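To keep things clear, I will list the structure first and then write my remarks on it.
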Amino acid sequence: MPEMTGSRWMAEALQKTGITHIFMMPTNLFSTLVEMEGMGITRVLAHNEKGAAYMADGYARASRRPGIVITQGGPGGPNVAAGLADGYLAHSPIISLTGMTSPGQTSKDNYQGVTNDYSNVTGFSAEVARTNRIPDLLNQAFREATSGAGGPVHLAFLGEAETGTANLPEPRIVDRFTHVPAFRPRPEPEAIQEAAQRLASAQRPVIVAGGGAITSQAWVEITELAELLSIPIATSLSGKGVIPENHPLALGVLGTYSRACSVEVVSEADLVLFIGTHAGSQVTNSWQVPPPGTPAIHIDINPSQLGKNFPVDVSVVGDAKVSVQELVDAVRALPEYATKTEWANHAQQVVREWWASEDANVNSDASPIRPERLCKELSDYLPANTMFVADTGYAGAWAGAFWELRHQGHNFIRCEGSLGWAFPGALGVKCALPDRPVLSFTGDGGLWYHLSELETAVRRGINTVTVVLNNHALVFDTHILDARFGGKAHDLSEYLDIDFGAVARSMGAFGIRVNNIQELKPALDQAFASNLPAIVDVVIDHEAYAPIRGGQTMFSSV
């Protein structure tokens, strides 16, 4: 084995994985960053550790490869740990590499000598104390990030571990662990057979597909199963894209950020097939949809997840794509099975009635603009290959209910709960998908979190288009205050009315403000044609309550 520095080994190993970008804040691991010069890896300097982690997260979710974030430990460590939280919830394969105080300086009041705990936001965290441990620990980091459900991992480099020399093996990461899913485990035949019989005999079955189905790329198989038996499909917000939302069997998003029609139909089901979803509080309206006691089948790659949050009758451990294909084959092999045509027709009638009930807002010409109309216009406007990146909170609720994703596949990425994630996350998505249009969808409250990263986008030519729902407030909170306190505390949630289009122009980006719906399409044309990072600042009706908890506002009973 040749003698080489740890930094050279890491740079060459990362290059061989096919990773095109790393996201970083300088101070630690400088030698590795310098060694990457000329290797075809773009080093994206962010404005803070959290923003860098969000970019790595977006890159990972879009590319299906680990996203690398390199930052300091010490006082910057809590920032990067906070930036891993959303990826932890999304099972995103992020690899965080930080520096750490030399062991000989601990407990001596050394400068920036802060120890950080990453255990709550990673599945694996380790210290690299010696150069000769870099090959096995970095390979283990990739293995942990991509295996099973996967998720963020962290390595802390102590002292001179990175810059020291040692006799090291050939720089490489095992190929299997450079993408997700690293493995596609097959389910037990007995479980598949029982699931097939249950589906065939049910009268009112429903499929609920989650983010794991997207990660597994199981949308073709799920749609085939649904069409075989005429089973309606609802998705979690993370599962949006499993089925085109204008498909005759599509119900739309279920749960807190959802359509009322999906909640209604799933509440009537006599069997629910969960695929690649935790069946957690958001998708089940705090475990009330489907109603407790509804028979259920659950397919998931993580055995400990089965029945954890929603009791199930049949547990299927396996990769979603492989498992659903075997389920399709098992149904076809049954002596007889009946399609649920009457049930599917009923479900679609519920969907049509919901759209009809929303028609006035969906087609409203009002100014300020109704969010329902904005979502309709964006659904009509954007090309099929657009990657749509949605923030949480207000923007996420509208995206879940009214953004009609008409193209099947991995076309939608959502923030799991960290407001402000969408803008820097979308920058990482664009780095992973340079040839696809990338549109981020956030509110003014979300954009304020990481507005500084617009400079990063301009400097690096990361040309996303960001549509801002600007109601100059954290309107979720404003509406809570209105309901509970008679609007007496708006200063707790209201911002100045800032034209983000003007702010964008001042930073060298494209920027424009849209005051009425007739201005939207020309503004989008200009934004996409500008070949610059673009902000489309849309003035939104401040009084528009977000569609949450099955289409009802969360404030109606307050």
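Following the order of the structure tokens, first chain is A, next is B, and so on, with residues numbered from 1 inside each chain and ligands from 1 in the order they appear.
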- Query: Thr163 of chain A: which residues within 12 Å, counting only C-alpha atoms, same-chain residues fewer than 6 positions away excluded, as a list in words?
  - Reply: Met4, Thr5, Gly6, Ser7, Arg8, Trp9, Met10, Ala11, Asn28, Leu29, Phe30, Ser31, Thr32, Leu33, Val34, Glu35, Gly99, Val128, Ala129, Arg130, Thr131, Asn132, Ile134 and Phe157 of chain A
Could you write out that same residue set with C-alpha atoms as an mmCIF file, in the first residue's frame?
data_model
loop_
_atom_site.group_PDB
_atom_site.id
_atom_site.type_symbol
_atom_site.label_atom_id
_atom_site.label_comp_id
_atom_site.auth_asym_id
_atom_site.auth_seq_id
_atom_site.Cartn_x
_atom_site.Cartn_y
_atom_site.Cartn_z
ATOM 1 C CA MET A 4 -0.285 9.112 1.074
ATOM 2 C CA THR A 5 -2.020 11.823 3.030
ATOM 3 C CA GLY A 6 -5.507 11.313 4.352
ATOM 4 C CA SER A 7 -6.687 14.377 2.443
ATOM 5 C CA ARG A 8 -5.432 13.009 -0.873
ATOM 6 C CA TRP A 9 -7.094 9.664 -0.199
ATOM 7 C CA MET A 10 -10.436 11.338 0.540
ATOM 8 C CA ALA A 11 -10.330 13.609 -2.502
ATOM 9 C CA ASN A 28 -11.698 22.584 8.624
ATOM 10 C CA LEU A 29 -10.587 19.927 6.137
ATOM 11 C CA PHE A 30 -8.881 22.596 4.016
ATOM 12 C CA SER A 31 -6.347 20.072 2.733
ATOM 13 C CA THR A 32 -9.070 17.847 1.296
ATOM 14 C CA LEU A 33 -10.789 20.821 -0.331
ATOM 15 C CA VAL A 34 -7.487 21.906 -1.918
ATOM 16 C CA GLU A 35 -6.722 18.370 -3.114
ATOM 17 C CA GLY A 99 -13.106 19.063 12.135
ATOM 18 C CA VAL A 128 -11.529 9.790 12.911
ATOM 19 C CA ALA A 129 -8.508 9.997 15.194
ATOM 20 C CA ARG A 130 -5.861 8.456 12.930
ATOM 21 C CA THR A 131 -5.098 8.745 9.227
ATOM 22 C CA ASN A 132 -5.161 4.989 8.714
ATOM 23 C CA ILE A 134 -10.027 7.195 7.051
ATOM 24 C CA PHE A 157 -11.694 14.464 12.063
#
Selection: 7 Å around segment 311-325 of chain A, only C-alpha atoms, excl. self and same-chain fewer than 5 positions, as a compact mmCIF listing (two decimals) with N, CA and C atoms, in the first residue's frame:
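Dumped everything to out-v7.txt:
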# COMPACT_ATOMS: atom_id res chain seq x y z
N ARG A 184 -31.83 -3.99 -2.60
CA ARG A 184 -33.27 -4.14 -2.83
C ARG A 184 -33.71 -5.50 -2.27
N PRO A 185 -33.89 -5.60 -0.95
CA PRO A 185 -34.27 -6.88 -0.35
C PRO A 185 -35.63 -7.37 -0.83
N ARG A 186 -35.72 -8.68 -1.05
CA ARG A 186 -36.97 -9.29 -1.49
C ARG A 186 -37.83 -9.65 -0.28
N PRO A 187 -39.14 -9.56 -0.42
CA PRO A 187 -40.02 -9.87 0.71
C PRO A 187 -40.20 -11.38 0.88
N ALA A 191 -45.72 -13.58 3.11
CA ALA A 191 -46.31 -12.26 3.37
C ALA A 191 -46.94 -11.68 2.11
N ILE A 192 -46.27 -11.85 0.99
CA ILE A 192 -46.81 -11.36 -0.28
C ILE A 192 -48.10 -12.09 -0.63
N ALA A 195 -50.89 -10.77 1.57
CA ALA A 195 -51.27 -9.41 1.15
C ALA A 195 -52.11 -9.46 -0.11
N ALA A 213 -41.49 4.99 -1.49
CA ALA A 213 -41.86 4.54 -2.84
C ALA A 213 -41.14 5.36 -3.90
N SER A 216 -37.41 4.32 -3.91
CA SER A 216 -37.28 3.01 -4.56
C SER A 216 -37.61 3.06 -6.04
N GLN A 217 -38.17 4.17 -6.51
CA GLN A 217 -38.61 4.31 -7.91
C GLN A 217 -39.68 3.27 -8.25
N ALA A 218 -40.64 3.13 -7.35
CA ALA A 218 -41.65 2.09 -7.46
C ALA A 218 -42.94 2.56 -8.10
N GLU A 221 -44.74 0.18 -10.74
CA GLU A 221 -45.31 -1.03 -10.14
C GLU A 221 -46.55 -0.70 -9.30
N ILE A 222 -46.51 0.41 -8.55
CA ILE A 222 -47.67 0.78 -7.73
C ILE A 222 -48.87 1.11 -8.62
N ILE A 275 -47.33 1.88 1.59
CA ILE A 275 -46.12 1.51 0.87
C ILE A 275 -45.07 2.59 1.07
N GLY A 276 -43.98 2.25 1.73
CA GLY A 276 -42.87 3.18 1.88
C GLY A 276 -43.21 4.44 2.63
N PRO A 295 -58.29 -2.37 8.91
CA PRO A 295 -57.26 -3.35 8.52
C PRO A 295 -56.22 -2.71 7.61
N ALA A 296 -54.96 -3.13 7.79
CA ALA A 296 -53.89 -2.50 7.03
C ALA A 296 -52.80 -3.51 6.69
N ILE A 297 -52.15 -3.26 5.55
CA ILE A 297 -50.94 -3.96 5.11
C ILE A 297 -49.85 -2.90 5.01
N HIS A 298 -48.64 -3.25 5.39
CA HIS A 298 -47.56 -2.26 5.36
C HIS A 298 -46.34 -2.88 4.70
N ILE A 299 -45.84 -2.20 3.65
CA ILE A 299 -44.60 -2.59 2.98
C ILE A 299 -43.54 -1.54 3.28
N ASP A 300 -42.40 -1.98 3.83
CA ASP A 300 -41.32 -1.03 4.12
C ASP A 300 -40.00 -1.78 4.15
N ILE A 301 -38.93 -1.07 3.79
CA ILE A 301 -37.60 -1.67 3.79
C ILE A 301 -37.05 -1.82 5.19
N ASN A 302 -37.61 -1.09 6.14
CA ASN A 302 -37.15 -1.09 7.52
C ASN A 302 -38.11 -1.90 8.38
N PRO A 303 -37.71 -3.10 8.83
CA PRO A 303 -38.65 -3.95 9.58
C PRO A 303 -39.16 -3.32 10.87
N LEU A 306 -42.59 -1.35 10.63
CA LEU A 306 -43.87 -2.01 10.34
C LEU A 306 -44.71 -2.13 11.61
- Task: Mind listing the helix (DSSP H, G or I) residues of segment 377-523 of chain A, per DSSP on the backbone, as JSON, numbers by chain?
- Result: {"A": [377, 378, 379, 380, 381, 393, 394, 395, 396, 397, 398, 399, 400, 401, 402, 422, 423, 424, 425, 426, 427, 428, 429, 430, 431, 432, 444, 445, 446, 447, 448, 449, 453, 454, 455, 456, 457, 458, 459, 460, 475, 476, 477, 478, 479, 480, 481, 482, 483, 484, 485, 490, 491, 492, 500, 501, 502, 503, 504, 505, 506, 517, 518, 519, 520, 521, 522, 523]}
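Nearest-residue note for Arg61 of chain A: choosing from A:Pro232, A:Gly445, A:Gly420, A:Gly150, the minimum distance belongs to A:Gly150, counting only C-alpha atoms.
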- Task: Tell me, as a ChimeraX atom specification, which residues lie within 10 Å of segment 332-335 of chain A, counting only C-alpha atoms; anything in the same chain fewer than 4 positions away does not count.
- Result: /A:193,196-197,200,225,228-229,326-328
- Query: Which residues come within 8 Å of segment 242-249 of chain A, counting only C-alpha atoms, excluding same-chain residues fewer than 6 positions away, as a ChimeraX atom specification?
  - Reply: /A:209,213-214,218-220,222-223,226-227,230-233,235,344,347-348,404-410
Output for the residues just chosen: N, CA and C atoms as a short mmCIF file (atom, residue, chain, number, x, y, z; two decimals), in the first residue's frame:
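New file result-v2.cif:
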data_model
loop_
_atom_site.label_atom_id
_atom_site.label_comp_id
_atom_site.auth_asym_id
_atom_site.auth_seq_id
_atom_site.Cartn_x
_atom_site.Cartn_y
_atom_site.Cartn_z
N ALA A 209 -49.14 5.73 -0.55
CA ALA A 209 -47.72 5.61 -0.92
C ALA A 209 -46.94 6.79 -0.39
N ALA A 213 -41.49 4.99 -1.49
CA ALA A 213 -41.86 4.54 -2.84
C ALA A 213 -41.14 5.36 -3.90
N ILE A 214 -40.95 6.64 -3.64
CA ILE A 214 -40.21 7.49 -4.57
C ILE A 214 -38.73 7.11 -4.57
N ALA A 218 -40.64 3.13 -7.35
CA ALA A 218 -41.65 2.09 -7.46
C ALA A 218 -42.94 2.56 -8.10
N TRP A 219 -42.94 3.75 -8.72
CA TRP A 219 -44.21 4.32 -9.18
C TRP A 219 -44.88 3.49 -10.28
N VAL A 220 -44.10 2.88 -11.17
CA VAL A 220 -44.70 2.07 -12.24
C VAL A 220 -45.40 0.86 -11.65
N ILE A 222 -46.51 0.41 -8.55
CA ILE A 222 -47.67 0.78 -7.73
C ILE A 222 -48.87 1.11 -8.62
N THR A 223 -48.63 1.83 -9.69
CA THR A 223 -49.72 2.16 -10.60
C THR A 223 -50.27 0.90 -11.26
N ALA A 226 -52.51 -0.78 -8.76
CA ALA A 226 -53.75 -0.03 -8.61
C ALA A 226 -54.68 -0.25 -9.81
N GLU A 227 -54.13 -0.21 -11.00
CA GLU A 227 -54.95 -0.40 -12.20
C GLU A 227 -55.46 -1.83 -12.33
N SER A 230 -58.24 -1.73 -9.67
CA SER A 230 -59.00 -0.47 -9.55
C SER A 230 -59.00 0.04 -8.11
N ILE A 231 -57.79 0.22 -7.56
CA ILE A 231 -57.62 0.70 -6.20
C ILE A 231 -57.22 2.17 -6.23
N PRO A 232 -57.95 3.05 -5.56
CA PRO A 232 -57.54 4.46 -5.48
C PRO A 232 -56.20 4.60 -4.75
N ILE A 233 -55.42 5.61 -5.15
CA ILE A 233 -54.11 5.86 -4.55
C ILE A 233 -54.08 7.26 -3.94
N THR A 235 -51.30 9.69 -1.58
CA THR A 235 -49.87 9.73 -1.26
C THR A 235 -49.63 10.62 -0.04
N ALA A 344 -63.85 2.55 -7.07
CA ALA A 344 -62.99 3.54 -7.73
C ALA A 344 -63.82 4.67 -8.31
N ALA A 347 -64.81 6.94 -5.53
CA ALA A 347 -63.67 7.76 -5.09
C ALA A 347 -63.46 8.94 -6.04
N GLN A 348 -63.56 8.69 -7.33
CA GLN A 348 -63.37 9.78 -8.28
C GLN A 348 -64.49 10.80 -8.23
N GLU A 404 -51.13 20.41 -8.79
CA GLU A 404 -51.51 19.16 -9.45
C GLU A 404 -50.30 18.64 -10.24
N LEU A 405 -49.64 17.66 -9.69
CA LEU A 405 -48.46 17.07 -10.33
C LEU A 405 -48.95 16.05 -11.35
N ARG A 406 -48.86 16.38 -12.62
CA ARG A 406 -49.48 15.58 -13.67
C ARG A 406 -48.53 14.60 -14.34
N HIS A 407 -47.31 14.53 -13.84
CA HIS A 407 -46.31 13.68 -14.48
C HIS A 407 -45.73 12.73 -13.44
N GLN A 408 -45.73 11.46 -13.78
CA GLN A 408 -45.31 10.43 -12.85
C GLN A 408 -43.79 10.39 -12.70
N GLY A 409 -43.33 10.07 -11.50
CA GLY A 409 -41.90 9.92 -11.28
C GLY A 409 -41.40 10.84 -10.18
N HIS A 410 -40.08 10.99 -10.14
CA HIS A 410 -39.44 11.81 -9.10
C HIS A 410 -39.38 13.25 -9.59
#
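Atom pair atom CA of Trp403 of chain A / atom CA of Ser530 of chain A: separated by 24.4 Å.
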- Message: So that I can see what lies close to Ser440 of chain A, please list as a ChimeraX atom specification the residues with an atom at most 7 Å from it, counting only C-alpha atoms and leaving out residues fewer than 5 positions away in the same chain.
- Response: /A:388-390,422-423,426,465-467
- Task: Mind the document's chain letters and residue numbers, and return as a ChimeraX atom specification the residues of segment 30-229 of chain A that DSSP labels strand (DSSP E).
- Result: /A:42-45,67-71,94-100,124-128,153-158,165-167,205-209
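Those residues that approach Arg370 of chain A to within 8 Å, counting only C-alpha atoms, are Asn361, Val362, Ser364, Ala366, Ser367, Arg373, Leu374, Ile540, Asp541 and Ala544 of chain A; same-chain residues fewer than 3 positions away are not listed.
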- Message: Using only C-alpha atoms, can you tell me which of A:Gly393, A:Glu453, A:Thr27, A:Ile94 comes closest to Ala60 of chain A?
- Response: A:Ile94
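Here the question is which of A:Ala457, A:Leu14, A:Ala202, A:Val80 gets nearest to Pro66 of chain A using only C-alpha atoms, and that residue is A:Leu14.
What separates atom CA of Val283 of chain A from atom CA of Leu419 of chain A is a distance of 18.4 Å.
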- Give me, please, the distance in Å between atom CA of Val351 of chain A and atom CA of Leu251 of chain A, quoted to one decimal. 6.5 Å
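Taking only C-alpha atoms into account, Ser418 of chain A lies nearest to A:Tyr54 out of the set A:Tyr54, A:Phe142, A:Phe476, A:Phe485.
With only C-alpha atoms as the atoms that count, the minimum distance from Ile95 of chain A to the choices A:Pro205, A:Pro135, A:Pro152, A:Gly77 is reached by A:Pro152.
Candidate residues A:Pro383, A:Gly123, A:Gly164, A:Ile462 were compared for distance to Thr42 of chain A, and the nearest is A:Ile462, using only C-alpha atoms.
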